[in-house]
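File shown: structure_7.cif. Contents: mmCIF, C-alpha atoms.
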```cif
data_input
#
loop_
_atom_site.label_atom_id
_atom_site.label_comp_id
_atom_site.auth_asym_id
_atom_site.auth_seq_id
_atom_site.Cartn_x
_atom_site.Cartn_y
_atom_site.Cartn_z
CA LYS A 5 -45.14 -37.11 48.89
CA LEU A 6 -48.24 -36.63 46.71
CA GLY A 7 -46.97 -39.10 44.13
CA PRO A 8 -45.37 -39.33 40.66
CA LEU A 9 -48.18 -37.65 38.72
CA TYR A 10 -48.06 -34.51 40.85
CA VAL A 11 -44.29 -34.39 40.41
CA LYS A 12 -44.66 -34.70 36.62
CA ILE A 13 -47.30 -31.95 36.54
CA GLY A 14 -44.90 -29.79 38.56
CA GLN A 15 -42.19 -30.44 35.95
CA ILE A 16 -44.51 -29.39 33.15
CA LEU A 17 -45.65 -26.25 34.96
CA SER A 18 -42.05 -25.32 35.78
CA CYS A 19 -41.63 -24.61 32.06
CA ARG A 20 -44.61 -22.23 32.02
CA GLU A 21 -43.07 -19.04 33.33
CA ASN A 22 -46.14 -17.07 32.31
CA LEU A 23 -48.29 -18.86 34.90
CA PHE A 24 -46.41 -18.48 38.19
CA PRO A 25 -44.06 -16.16 40.11
CA ASP A 26 -40.29 -16.74 39.77
CA GLU A 27 -39.98 -18.33 43.22
CA TRP A 28 -42.63 -20.91 42.33
CA ILE A 29 -40.88 -21.75 39.06
CA THR A 30 -37.53 -22.11 40.87
CA ALA A 31 -39.07 -24.48 43.42
CA MET A 32 -40.80 -26.63 40.77
CA GLU A 33 -37.61 -26.87 38.68
CA LYS A 34 -36.17 -29.04 41.47
CA LEU A 35 -38.70 -31.69 40.49
CA GLN A 36 -36.92 -32.23 37.17
CA ASP A 37 -34.12 -34.38 38.65
CA ARG A 38 -34.07 -34.01 42.45
CA VAL A 39 -36.97 -36.19 43.56
CA PRO A 40 -36.51 -38.57 46.55
CA ALA A 41 -35.33 -41.93 45.21
CA LYS A 42 -35.22 -45.55 46.29
CA SER A 43 -31.80 -46.90 47.35
CA GLY A 44 -30.43 -50.16 48.71
CA LYS A 45 -32.92 -53.02 48.90
CA GLU A 46 -35.75 -50.84 47.58
CA ALA A 47 -33.68 -50.09 44.48
CA TRP A 48 -32.96 -53.80 43.92
CA ASP A 49 -36.67 -54.62 44.28
CA LEU A 50 -37.53 -51.89 41.78
CA LEU A 51 -34.84 -53.22 39.43
CA TYR A 52 -36.07 -56.81 39.48
CA SER A 53 -39.68 -55.73 38.95
CA ALA A 54 -38.77 -53.58 35.92
CA ALA A 55 -36.02 -55.64 34.22
CA PRO A 56 -36.99 -58.01 31.40
CA GLY A 57 -36.68 -61.52 32.81
CA GLY A 58 -36.61 -60.25 36.40
CA LYS A 59 -33.66 -61.08 38.63
CA VAL A 60 -32.30 -63.89 36.45
CA GLY A 61 -32.68 -61.90 33.25
CA PHE A 62 -30.89 -58.88 34.71
CA HIS A 63 -27.85 -60.73 36.10
CA LYS A 64 -27.46 -62.63 32.84
CA LYS A 65 -26.72 -59.41 30.97
CA PHE A 66 -25.56 -56.90 33.60
CA SER A 67 -23.19 -56.63 36.55
CA ASP A 68 -21.98 -54.01 39.06
CA PHE A 69 -25.39 -52.43 39.58
CA ASP A 70 -25.03 -49.31 41.75
CA ASP A 71 -28.08 -49.26 44.02
CA VAL A 72 -27.55 -45.55 44.77
CA PRO A 73 -29.29 -43.69 41.92
CA LEU A 74 -27.57 -41.01 39.87
CA ALA A 75 -30.82 -39.04 39.63
CA ALA A 76 -34.53 -39.46 40.19
CA ALA A 77 -37.63 -37.82 38.79
CA SER A 78 -41.36 -38.42 38.59
CA LEU A 79 -41.46 -41.58 36.47
CA GLY A 80 -38.34 -43.35 37.65
CA GLN A 81 -34.70 -43.20 38.60
CA VAL A 82 -31.35 -43.80 36.90
CA HIS A 83 -28.60 -46.19 38.04
CA ARG A 84 -25.15 -47.14 36.75
CA ALA A 85 -24.36 -50.73 35.74
CA THR A 86 -22.00 -52.68 33.48
CA LEU A 87 -22.74 -54.82 30.44
CA ARG A 88 -21.35 -58.31 30.94
CA ASP A 89 -20.53 -58.96 27.28
CA SER A 90 -18.57 -55.76 26.61
CA GLY A 91 -17.74 -54.26 30.00
CA ALA A 92 -19.30 -50.98 28.91
CA LEU A 93 -20.78 -48.66 31.52
CA VAL A 94 -24.49 -48.02 31.04
CA ALA A 95 -27.18 -45.91 32.63
CA ILE A 96 -30.38 -47.81 33.42
CA LYS A 97 -33.64 -45.95 33.87
CA LEU A 98 -36.12 -47.84 36.06
CA GLN A 99 -39.80 -46.99 36.06
CA ARG A 100 -41.64 -46.64 39.35
CA SER A 101 -44.24 -49.31 40.06
CA ARG A 102 -47.99 -49.02 39.37
CA LEU A 103 -47.68 -45.78 37.40
CA ARG A 104 -50.60 -46.45 35.07
CA ASP A 105 -52.98 -47.18 37.94
CA ILE A 106 -51.86 -44.04 39.74
CA TYR A 107 -52.24 -41.92 36.61
CA ASP A 108 -55.76 -43.23 35.94
CA LYS A 109 -56.96 -42.16 39.39
CA ASP A 110 -55.01 -38.92 39.85
CA LEU A 111 -55.63 -37.51 36.37
CA ALA A 112 -59.37 -38.00 36.72
CA LEU A 113 -59.26 -35.99 39.95
CA MET A 114 -57.01 -33.29 38.47
CA LYS A 115 -59.28 -32.74 35.48
CA LYS A 116 -62.25 -32.24 37.80
CA ILE A 117 -60.27 -29.67 39.77
CA ALA A 118 -59.20 -27.92 36.54
CA LYS A 119 -62.81 -27.54 35.42
CA VAL A 120 -63.71 -25.90 38.72
CA VAL A 121 -60.69 -23.56 38.62
CA ASP A 122 -61.54 -22.51 35.04
CA LYS A 123 -64.81 -21.11 36.30
CA PHE A 124 -62.87 -18.53 38.29
CA GLY A 125 -60.36 -17.57 35.58
CA LYS A 126 -58.24 -18.90 32.73
CA ALA A 127 -54.57 -19.87 32.84
CA GLY A 128 -53.42 -16.88 30.79
CA GLN A 129 -52.33 -16.32 27.21
CA VAL A 130 -49.58 -17.88 25.11
CA GLY A 131 -48.90 -16.22 21.76
CA GLY A 132 -52.12 -14.25 22.11
CA ILE A 133 -54.22 -17.41 22.56
CA GLU A 134 -56.08 -17.80 25.83
CA GLN A 135 -55.51 -21.14 27.53
CA SER A 136 -57.61 -22.97 30.09
CA TRP A 137 -56.41 -25.19 32.91
CA THR A 138 -58.58 -27.96 31.47
CA GLY A 139 -56.78 -27.63 28.13
CA ILE A 140 -53.37 -27.70 29.81
CA PHE A 141 -54.22 -30.88 31.72
CA ASN A 142 -55.68 -32.55 28.62
CA ASP A 143 -52.43 -31.88 26.76
CA ALA A 144 -50.42 -33.10 29.74
CA GLU A 145 -52.47 -36.31 29.90
CA THR A 146 -51.50 -37.24 26.34
CA ILE A 147 -47.82 -36.64 27.07
CA LEU A 148 -47.89 -38.43 30.42
CA TYR A 149 -49.36 -41.69 29.15
CA ARG A 150 -46.90 -41.69 26.25
CA GLU A 151 -43.97 -41.29 28.66
CA ILE A 152 -44.98 -44.35 30.68
CA ASP A 153 -43.74 -46.63 27.89
CA TYR A 154 -39.94 -46.40 27.78
CA ARG A 155 -39.96 -48.17 24.42
CA ASP A 156 -41.22 -44.93 22.87
CA GLU A 157 -38.38 -43.03 24.54
CA ALA A 158 -35.86 -45.58 23.28
CA GLU A 159 -37.22 -45.37 19.74
CA ASN A 160 -37.05 -41.56 19.76
CA ALA A 161 -33.52 -41.56 21.20
CA ILE A 162 -32.34 -44.01 18.54
CA ARG A 163 -33.93 -41.95 15.80
CA PHE A 164 -32.35 -38.77 17.20
CA ALA A 165 -28.87 -40.33 17.17
CA ASN A 166 -29.32 -41.78 13.68
CA ASP A 167 -30.61 -38.51 12.24
CA PHE A 168 -27.57 -36.70 13.63
CA GLY A 169 -25.20 -39.49 12.56
CA ILE A 170 -23.88 -40.36 16.02
CA GLY A 171 -23.07 -43.92 17.09
CA LEU A 172 -21.83 -45.72 20.19
CA GLY A 173 -19.07 -43.78 21.93
CA GLY A 174 -19.97 -40.63 20.02
CA VAL A 175 -18.35 -41.84 16.79
CA ALA A 176 -19.56 -40.49 13.47
CA ILE A 177 -21.86 -42.70 11.41
CA GLU A 178 -23.87 -42.00 8.28
CA SER A 179 -26.85 -39.77 9.01
CA THR A 180 -30.34 -40.97 8.10
CA ALA A 181 -31.60 -37.40 7.65
CA LYS A 182 -31.68 -35.45 4.39
CA GLY A 183 -31.57 -31.73 3.78
CA VAL A 184 -34.07 -29.73 1.75
CA ASP A 185 -31.93 -30.44 -1.32
CA GLY A 186 -32.42 -34.18 -0.85
CA ASN A 187 -28.82 -34.88 0.07
CA VAL A 188 -27.85 -36.77 3.21
CA LEU A 189 -26.83 -34.40 6.00
CA PRO A 190 -23.33 -34.70 7.48
CA SER A 191 -22.76 -36.34 10.85
CA ALA A 192 -22.94 -33.95 13.81
CA ALA A 193 -20.53 -36.04 15.91
CA ASP A 194 -17.89 -33.29 16.00
CA TRP A 195 -20.23 -30.81 17.72
CA LEU A 196 -22.99 -32.88 19.35
CA ARG A 197 -22.98 -35.79 21.82
CA THR A 198 -25.90 -38.06 22.62
CA PRO A 199 -25.86 -41.39 24.50
CA TYR A 200 -26.22 -44.59 22.52
CA THR A 201 -29.49 -46.39 23.28
CA TYR A 202 -29.55 -50.18 23.65
CA GLY A 203 -32.98 -50.77 22.18
CA ASP A 204 -32.62 -54.57 22.28
CA LEU A 205 -32.09 -54.45 26.07
CA SER A 206 -34.85 -51.95 26.83
CA SER A 207 -38.52 -52.56 27.59
CA GLU A 208 -41.64 -50.74 28.72
CA LYS A 209 -40.24 -50.08 32.21
CA PHE A 210 -36.51 -50.54 31.64
CA LEU A 211 -34.37 -48.21 29.51
CA VAL A 212 -30.66 -48.88 28.87
CA MET A 213 -28.36 -46.17 27.49
CA GLU A 214 -24.65 -45.53 27.21
CA TYR A 215 -23.37 -43.85 30.37
CA VAL A 216 -22.22 -40.33 29.41
CA PRO A 217 -21.38 -38.05 32.38
CA SER A 218 -22.57 -34.51 31.78
CA ILE A 219 -23.48 -31.18 33.37
CA LYS A 220 -26.89 -29.56 33.23
CA ALA A 221 -26.72 -26.52 30.99
CA ASN A 222 -28.03 -24.09 33.64
CA ASN A 223 -25.80 -25.39 36.47
CA ASN A 224 -23.38 -22.47 36.41
CA GLU A 225 -21.54 -23.57 39.55
CA ALA A 226 -20.70 -26.98 38.07
CA LEU A 227 -19.76 -25.41 34.74
CA ASP A 228 -17.39 -23.03 36.52
CA LYS A 229 -15.74 -25.91 38.41
CA ALA A 230 -15.31 -27.80 35.13
CA GLY A 231 -13.51 -24.80 33.63
CA VAL A 232 -16.19 -24.09 31.02
CA THR A 233 -15.46 -20.54 29.86
CA LEU A 234 -17.87 -17.90 28.59
CA GLU A 235 -16.65 -18.58 25.07
CA ASP A 236 -17.31 -22.30 25.58
CA ARG A 237 -20.86 -21.53 26.71
CA GLU A 238 -21.49 -19.32 23.71
CA TYR A 239 -20.31 -22.16 21.47
CA LEU A 240 -22.58 -24.61 23.33
CA ALA A 241 -25.51 -22.24 22.83
CA GLU A 242 -24.75 -22.04 19.09
CA CYS A 243 -24.59 -25.85 18.87
CA LEU A 244 -27.90 -26.16 20.71
CA ALA A 245 -29.56 -23.67 18.37
CA HIS A 246 -28.06 -25.51 15.40
CA ALA A 247 -29.44 -28.82 16.69
CA TYR A 248 -32.94 -27.37 17.17
CA LEU A 249 -32.98 -25.79 13.72
CA ARG A 250 -31.76 -28.98 12.06
CA GLN A 251 -34.58 -30.93 13.70
CA PHE A 252 -37.21 -28.34 12.79
CA CYS A 253 -36.09 -27.86 9.21
CA ALA A 254 -34.68 -31.18 8.09
CA HIS A 255 -35.50 -34.13 10.35
CA LYS A 256 -38.86 -35.66 9.49
#
```

Could the structure of this file be written out as structure tokens, please?
Amino acid sequence: KLGPLYVKIGQILSCRENLFPDEWITAMEKLQDRVPAKSGKEAWDLLYSAAPGGKVGFHKKFSDFDDVPLAAASLGQVHRATLRDSGALVAIKLQRSRLRDIYDKDLALMKKIAKVVDKFGKAGQVGGIEQSWTGIFNDAETILYREIDYRDEAENAIRFANDFGIGLGGVAIESTAKGVDGNVLPSAADWLRTPYTYGDLSSEKFLVMEYVPSIKANNNEALDKAGVTLEDREYLAECLAHAYLRQFCAHK
């Protein structure tokens, strides 16, 4: 009810287990993808305000828009639709309206509050370095304004897929990343899956990606229902670690 910025701050703080008790962290984790969303007419209105070309532009390229969102978070919500030219299912991320105006006002207030709170005590230590609430909110501000432009997200997603050599449908393509020896790295398509991003259809408030159904890694109940065994989860963990290390060590 407080608004998108407070939800986003809650998401960020949910990853800082050193700051809050476990029950607080558990509650804030719900903000990652279980935020109240707009459905029905409100979803259509949000769609037409975010889509390039508005109503006409959307219906020219898409059909079968599902006005019940798949998920919703602080900045927007995700809906299923179909590409008219290929019939492919896509996931469309729509940005909530007036985000920049809301951020300008709410962040100014939050930074004032952080300065006052810092007078009574710091936020704790990370890696032996003491952090202040003001510092945390300054870092968050940089991230938050960057996230408002979905074109940045699209560019990063495209680069991620290209570096790992993964194309539309999860097919292997030539990787754009090189190892420390200067040789092109092999495609990761046989052990990694990432949605294809339609950069030409995306804009500042409208992000179009290949629809790839998935299960959140920490949703044990859903993993159990899907028949994902302990051995499968160990393999997934190894693949995740492999992906992180490849990005840290090789992707530039």

Give me, as an NGL selection string, all polymer residues having an atom no more than 12 Å from Ala158 (chain A), counting all atoms listed in the file and skipping those fewer than 4 positions away in the same chain. :A and (96-97 or 151-154 or 162-165 or 199-214)

For C-alpha atoms, I'd like the residues from the last selection saved as an mmCIF file, in the coordinates of the input.
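This went into part01.cif:
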```cif
data_model
loop_
_atom_site.group_PDB
_atom_site.id
_atom_site.type_symbol
_atom_site.label_atom_id
_atom_site.label_comp_id
_atom_site.auth_asym_id
_atom_site.auth_seq_id
_atom_site.Cartn_x
_atom_site.Cartn_y
_atom_site.Cartn_z
ATOM 1 C CA ILE A 96 -30.380 -47.810 33.420
ATOM 2 C CA LYS A 97 -33.640 -45.950 33.870
ATOM 3 C CA GLU A 151 -43.970 -41.290 28.660
ATOM 4 C CA ILE A 152 -44.980 -44.350 30.680
ATOM 5 C CA ASP A 153 -43.740 -46.630 27.890
ATOM 6 C CA TYR A 154 -39.940 -46.400 27.780
ATOM 7 C CA ILE A 162 -32.340 -44.010 18.540
ATOM 8 C CA ARG A 163 -33.930 -41.950 15.800
ATOM 9 C CA PHE A 164 -32.350 -38.770 17.200
ATOM 10 C CA ALA A 165 -28.870 -40.330 17.170
ATOM 11 C CA PRO A 199 -25.860 -41.390 24.500
ATOM 12 C CA TYR A 200 -26.220 -44.590 22.520
ATOM 13 C CA THR A 201 -29.490 -46.390 23.280
ATOM 14 C CA TYR A 202 -29.550 -50.180 23.650
ATOM 15 C CA GLY A 203 -32.980 -50.770 22.180
ATOM 16 C CA ASP A 204 -32.620 -54.570 22.280
ATOM 17 C CA LEU A 205 -32.090 -54.450 26.070
ATOM 18 C CA SER A 206 -34.850 -51.950 26.830
ATOM 19 C CA SER A 207 -38.520 -52.560 27.590
ATOM 20 C CA GLU A 208 -41.640 -50.740 28.720
ATOM 21 C CA LYS A 209 -40.240 -50.080 32.210
ATOM 22 C CA PHE A 210 -36.510 -50.540 31.640
ATOM 23 C CA LEU A 211 -34.370 -48.210 29.510
ATOM 24 C CA VAL A 212 -30.660 -48.880 28.870
ATOM 25 C CA MET A 213 -28.360 -46.170 27.490
ATOM 26 C CA GLU A 214 -24.650 -45.530 27.210
#
```

Suppose a student applies the PyMOL selection byres ((chain A and resi 84-93) around 9) to this structure; what residues should they get, written as a ChimeraX atom specification? /A:63-74,82-83,94-96,213-216

Between CA of Ala192 (chain A) and CA of Ser218 (chain A), what is the distance, to one decimal in Å?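 Atom-to-atom, CA of Ala192 (chain A) and CA of Ser218 (chain A) are spaced 18.0 Å apart.
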
Adding 6 Å on each side of the box along x, y and z that holds all listed atoms of region 169-184 of chain A, could you give its centre and edge lengths in Å to one decimal, as AutoDock Vina command-line options?
```
--center_x -26.2 --center_y -37.7 --center_z 11.8 --size_x 27.7 --size_y 28.0 --size_z 32.2
```

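Picture a line from CA of Ala76 (chain A) to CA of Tyr107 (chain A); it runs 18.2 Å.
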
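These residues, each with an atom at most 12 Å from (-48.4, -49.2, 39.7) using all atoms listed in the file, are Gly7, Pro8, Leu9, Leu50, Ser53, Ala54, Leu79, Gly80, Gln99, Arg100, Ser101, Arg102, Leu103, Arg104, Asp105, Ile106, Tyr107, Asp108, Lys109, Ile152 and Lys209 of chain A.
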
So that I have them on file, write out the residues from the current selection with C-alpha atoms, as a PDB file, in the frame of the given file.
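In the end it all went to result_28.pdb:
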```pdb
ATOM      1  CA  GLY A   7     -46.970 -39.100  44.130  1.00  0.00           C
ATOM      2  CA  PRO A   8     -45.370 -39.330  40.660  1.00  0.00           C
ATOM      3  CA  LEU A   9     -48.180 -37.650  38.720  1.00  0.00           C
ATOM      4  CA  LEU A  50     -37.530 -51.890  41.780  1.00  0.00           C
ATOM      5  CA  SER A  53     -39.680 -55.730  38.950  1.00  0.00           C
ATOM      6  CA  ALA A  54     -38.770 -53.580  35.920  1.00  0.00           C
ATOM      7  CA  LEU A  79     -41.460 -41.580  36.470  1.00  0.00           C
ATOM      8  CA  GLY A  80     -38.340 -43.350  37.650  1.00  0.00           C
ATOM      9  CA  GLN A  99     -39.800 -46.990  36.060  1.00  0.00           C
ATOM     10  CA  ARG A 100     -41.640 -46.640  39.350  1.00  0.00           C
ATOM     11  CA  SER A 101     -44.240 -49.310  40.060  1.00  0.00           C
ATOM     12  CA  ARG A 102     -47.990 -49.020  39.370  1.00  0.00           C
ATOM     13  CA  LEU A 103     -47.680 -45.780  37.400  1.00  0.00           C
ATOM     14  CA  ARG A 104     -50.600 -46.450  35.070  1.00  0.00           C
ATOM     15  CA  ASP A 105     -52.980 -47.180  37.940  1.00  0.00           C
ATOM     16  CA  ILE A 106     -51.860 -44.040  39.740  1.00  0.00           C
ATOM     17  CA  TYR A 107     -52.240 -41.920  36.610  1.00  0.00           C
ATOM     18  CA  ASP A 108     -55.760 -43.230  35.940  1.00  0.00           C
ATOM     19  CA  LYS A 109     -56.960 -42.160  39.390  1.00  0.00           C
ATOM     20  CA  ILE A 152     -44.980 -44.350  30.680  1.00  0.00           C
ATOM     21  CA  LYS A 209     -40.240 -50.080  32.210  1.00  0.00           C
TER      22      LYS A 209
END
```

Applied to this file, what does the PyMOL selection byres ((chain A and resi 141) around 10) return in terms of residues, put as a PDB file with C-alpha atoms, in the frame of the given file?
```pdb
ATOM      1  CA  ILE A  13     -47.300 -31.950  36.540  1.00  0.00           C
ATOM      2  CA  ILE A  16     -44.510 -29.390  33.150  1.00  0.00           C
ATOM      3  CA  LEU A 111     -55.630 -37.510  36.370  1.00  0.00           C
ATOM      4  CA  MET A 114     -57.010 -33.290  38.470  1.00  0.00           C
ATOM      5  CA  LYS A 115     -59.280 -32.740  35.480  1.00  0.00           C
ATOM      6  CA  ALA A 118     -59.200 -27.920  36.540  1.00  0.00           C
ATOM      7  CA  LYS A 119     -62.810 -27.540  35.420  1.00  0.00           C
ATOM      8  CA  SER A 136     -57.610 -22.970  30.090  1.00  0.00           C
ATOM      9  CA  TRP A 137     -56.410 -25.190  32.910  1.00  0.00           C
ATOM     10  CA  THR A 138     -58.580 -27.960  31.470  1.00  0.00           C
ATOM     11  CA  GLY A 139     -56.780 -27.630  28.130  1.00  0.00           C
ATOM     12  CA  ILE A 140     -53.370 -27.700  29.810  1.00  0.00           C
ATOM     13  CA  ASN A 142     -55.680 -32.550  28.620  1.00  0.00           C
ATOM     14  CA  ASP A 143     -52.430 -31.880  26.760  1.00  0.00           C
ATOM     15  CA  ALA A 144     -50.420 -33.100  29.740  1.00  0.00           C
ATOM     16  CA  GLU A 145     -52.470 -36.310  29.900  1.00  0.00           C
ATOM     17  CA  THR A 146     -51.500 -37.240  26.340  1.00  0.00           C
ATOM     18  CA  ILE A 147     -47.820 -36.640  27.070  1.00  0.00           C
ATOM     19  CA  LEU A 148     -47.890 -38.430  30.420  1.00  0.00           C
TER      20      LEU A 148
END
```

Nearest to Tyr239 (chain A), chosen from A:Pro190, A:Asp49, A:Leu196, A:Asp122, with only C-alpha atoms counted in the distances: A:Leu196

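Minimum atom-to-atom distance to Ala55 (chain A), evaluated using all atoms listed in the file, belongs to A:Leu98 out of A:Leu98, A:Ala221, A:Val184, A:Leu113.
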
Counting all atoms listed in the file, which residue out of A:Ala75, A:Leu234, A:Ala241, A:Ala41 sits closest to Pro217 (chain A)? A:Ala75

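Taking CA of Thr180 (chain A) and CA of Thr198 (chain A) as endpoints, the distance between them is 15.5 Å.
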
Written as JSON, numbers by chain, which residues does the PyMOL selection byres ((chain A and resi 175) around 12) give for the file shown? {"A": [165, 166, 168, 169, 170, 171, 172, 173, 174, 176, 177, 178, 179, 191, 192, 193, 194, 195, 196, 197, 198, 199, 200]}
